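> Please see the structure below; I have some questions.
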Amino acid sequence: MRTPMIAGNWKLHKTLGEATALVAELIPAIAGNNHVEVVVAPVYTALHKVAEAISGSNIKLAAQNCYAEAQGAFTGEVSAPLLKDVGCQYVIIGHSERRQLFGETDESVNRKVHAVAEAGLGTILCIGETLEERENDSMLDVLRRQVRFALRNLSTEQMAHVVIAYEPVWAIGDAGIPATSDYADARQAEIIATAEDVLGRRVPCLYGGSVNPENCQELIQCPHIDGLFIGRSAWKVEGYLDILTRCAAVI
Ligand code: PGA
């Protein structure tokens, strides 16, 4: 089993000063920790400074999105090779906020997953069903479709760098209700089986959506939960450290 990943998605938050201050506190606090793979995902503008600040530490860097083309006349976009150049190891692709607010489709997600793989970076592929899809019992079809589409035509070598983050849309953010560990684990098992069918290998699958210090231990101990993907609770160093410490105690 690979080391569980605990990723903090900072979304559209943090100035350069705030971003570097967070990692400056995090680095000494987790030095020597090898129980979990710690990943932070700042905004684009903070990536370079955070990359410098975490250099030589055991923290990894993720971008929150990228464009599907490497370069060209695409004003305002940022490509996967540029994210590699700045020091990222991972790119988050297909977060539900991107699907809901910025028109990401299964097809654009697939193109981006290819672009990330092509650049030699790891993908954190976000998938998840909406409340409506859960209530009309189509979530399994939706999750399977999202996985199959996103991973289409990846080579065996490219597949090795994909991590899935299962985030039920109804569990994310201030209005979100965290999934019970039983619900999350059952969905994760289905997602893992689908990904295995496509890729021929066991893909790590994180859970995300209202993860907090109170529910993190129960979630991380589920057999099909290989790590956690955290929004709000990772925005303050105390909250993130609390989760890292609690998880390390039960892994
Ligand atoms: P949350 O966000 O932990 O604040 O619910 C999770 C996410 O959107 O990735």
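Ordering of the structure tokens sets the chain letters (A, B, ...), residue numbers begin anew at 1 in every chain, and ligands are numbered from 1 in the order given.
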Enumerate the residues of segment 107-232 of chain A with a DSSP assignment of strand (DSSP E), computed from the backbone, and present them as a list in words.

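DSSP-assigned strand (DSSP E) residues in segment 107-232 of chain A: Gly122, Thr123, Ile124, Leu125, Cys126, Ile127, Val162, Val163, Ile164, Ala165, Tyr166, Cys205, Leu206, Tyr207, Gly208, Gly227, Leu228, Phe229 and Ile230 of chain A.
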
> Given a cut-off of 8 Å, what residues near ligand 1 show up using only C-alpha atoms and all ligand atoms, put as a count of residues only?

24

> Residues of segment 45-139 of chain A that have any atom at most 8 Å from an atom of segment 18-37 of chain A: could you tabulate them with the shortest-distance atom pair and the distance in Å to one decimal, using only C-alpha atoms, ordered by chain and increasing number, as a Markdown table?


```
| residue | atom | partner | partner_atom | distance |
| --- | --- | --- | --- | --- |
| A:Ala46 | CA | A:Ala19 | CA | 6.8 |
| A:Lys49 | CA | A:Thr20 | CA | 6.9 |
| A:Val50 | CA | A:Thr20 | CA | 5.7 |
| A:Ala53 | CA | A:Thr20 | CA | 6.6 |
| A:Ile54 | CA | A:Val23 | CA | 7.0 |
| A:Ser57 | CA | A:Ile27 | CA | 6.5 |
| A:Asn58 | CA | A:Ala31 | CA | 7.1 |
| A:Ile59 | CA | A:Glu37 | CA | 7.3 |
| A:Lys60 | CA | A:Glu37 | CA | 7.6 |
```

> Let me see the file: selected residues, N, CA, C and O atoms, as a PDB file, in the first residue's frame.


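So result.pdb came out as:
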```pdb
ATOM      1  N   ALA A  46       0.951  32.032  -6.087  1.00  0.00           N
ATOM      2  CA  ALA A  46       1.789  31.704  -4.926  1.00  0.00           C
ATOM      3  C   ALA A  46       2.658  30.476  -5.170  1.00  0.00           C
ATOM      4  O   ALA A  46       3.490  30.121  -4.319  1.00  0.00           O
ATOM      5  N   LYS A  49       6.714  30.949  -5.018  1.00  0.00           N
ATOM      6  CA  LYS A  49       7.223  31.248  -3.662  1.00  0.00           C
ATOM      7  C   LYS A  49       7.055  30.042  -2.743  1.00  0.00           C
ATOM      8  O   LYS A  49       7.943  29.730  -1.943  1.00  0.00           O
ATOM      9  N   VAL A  50       5.918  29.369  -2.848  1.00  0.00           N
ATOM     10  CA  VAL A  50       5.709  28.198  -1.985  1.00  0.00           C
ATOM     11  C   VAL A  50       6.679  27.084  -2.383  1.00  0.00           C
ATOM     12  O   VAL A  50       7.250  26.415  -1.528  1.00  0.00           O
ATOM     13  N   ALA A  53       9.846  27.860  -0.791  1.00  0.00           N
ATOM     14  CA  ALA A  53       9.776  27.701   0.668  1.00  0.00           C
ATOM     15  C   ALA A  53       9.800  26.227   1.084  1.00  0.00           C
ATOM     16  O   ALA A  53      10.364  25.881   2.126  1.00  0.00           O
ATOM     17  N   ILE A  54       9.209  25.336   0.285  1.00  0.00           N
ATOM     18  CA  ILE A  54       9.130  23.922   0.696  1.00  0.00           C
ATOM     19  C   ILE A  54      10.269  23.091   0.115  1.00  0.00           C
ATOM     20  O   ILE A  54      10.346  21.888   0.382  1.00  0.00           O
ATOM     21  N   SER A  57      11.939  20.052   1.814  1.00  0.00           N
ATOM     22  CA  SER A  57      11.053  19.523   2.864  1.00  0.00           C
ATOM     23  C   SER A  57      10.295  18.309   2.313  1.00  0.00           C
ATOM     24  O   SER A  57      10.469  17.941   1.154  1.00  0.00           O
ATOM     25  N   ASN A  58       9.433  17.724   3.163  1.00  0.00           N
ATOM     26  CA  ASN A  58       8.645  16.591   2.659  1.00  0.00           C
ATOM     27  C   ASN A  58       7.230  17.002   2.241  1.00  0.00           C
ATOM     28  O   ASN A  58       6.316  16.189   2.234  1.00  0.00           O
ATOM     29  N   ILE A  59       7.068  18.269   1.873  1.00  0.00           N
ATOM     30  CA  ILE A  59       5.769  18.741   1.371  1.00  0.00           C
ATOM     31  C   ILE A  59       5.809  18.779  -0.156  1.00  0.00           C
ATOM     32  O   ILE A  59       6.806  19.210  -0.738  1.00  0.00           O
ATOM     33  N   LYS A  60       4.717  18.335  -0.763  1.00  0.00           N
ATOM     34  CA  LYS A  60       4.647  18.390  -2.229  1.00  0.00           C
ATOM     35  C   LYS A  60       3.681  19.487  -2.666  1.00  0.00           C
ATOM     36  O   LYS A  60       2.805  19.897  -1.915  1.00  0.00           O
TER      37      LYS A  60
END
```

> Record the distance separating atom CA of Val43 of chain A and atom CA of Thr130 of chain A, expressed in Å with one decimal.

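Pair atom CA of Val43 of chain A / atom CA of Thr130 of chain A returns 25.2 Å.
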
> Measure the distance from atom CA of Leu101 of chain A to atom CA of Phe74 of chain A in Å and round it to one decimal.

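If I compute the distance from atom CA of Leu101 of chain A to atom CA of Phe74 of chain A, I get 19.7 Å.
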
> Residues of segment 61-235 of chain A classed as helix (DSSP H, G or I) by DSSP on the backbone are to be reported as a VMD selection string.

chain A and resid 80 to 86 96 to 101 106 to 118 131 to 135 139 to 150 156 to 159 169 to 171 181 to 199 216 to 220 232 to 234

> Would you please work out which residue, of A:Ala186, A:Ala179, A:Leu143, A:Ile127, is nearest to Val163 of chain A when using only C-alpha atoms?

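Of the candidates, the smallest distance to Val163 of chain A is held by A:Ile127.
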
> Using only C-alpha atoms, which of the listed residues (A:Glu52, A:Glu132, A:Asp106, A:Asp185) sits closest to Gln146 of chain A?

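Counting only C-alpha atoms, the residue closest to Gln146 of chain A is A:Asp106.
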
> For Gly76 of chain A, which residue out of A:Ala160, A:Tyr44, A:Tyr240, A:Glu104 is the nearest one, using only C-alpha atoms?

A:Tyr44

> Let me make sure I understand: among A:Pro168, A:Gly103, A:Pro42, A:Gly72, which one has the smallest atom-to-atom distance to Tyr90 of chain A if we use only C-alpha atoms?

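So, comparing all the options, the nearest one is A:Pro42.
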
> Atom CA of Ala193 of chain A to atom CA of Cys222 of chain A: how many Å, to one decimal?

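Separation of atom CA of Ala193 of chain A and atom CA of Cys222 of chain A: 15.6 Å.
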
> Using only C-alpha atoms, which of A:Val109, A:Glu196, A:Glu214, A:Ala249 sits nearest Thr123 of chain A?

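Closest to Thr123 of chain A of all the choices is A:Val109.
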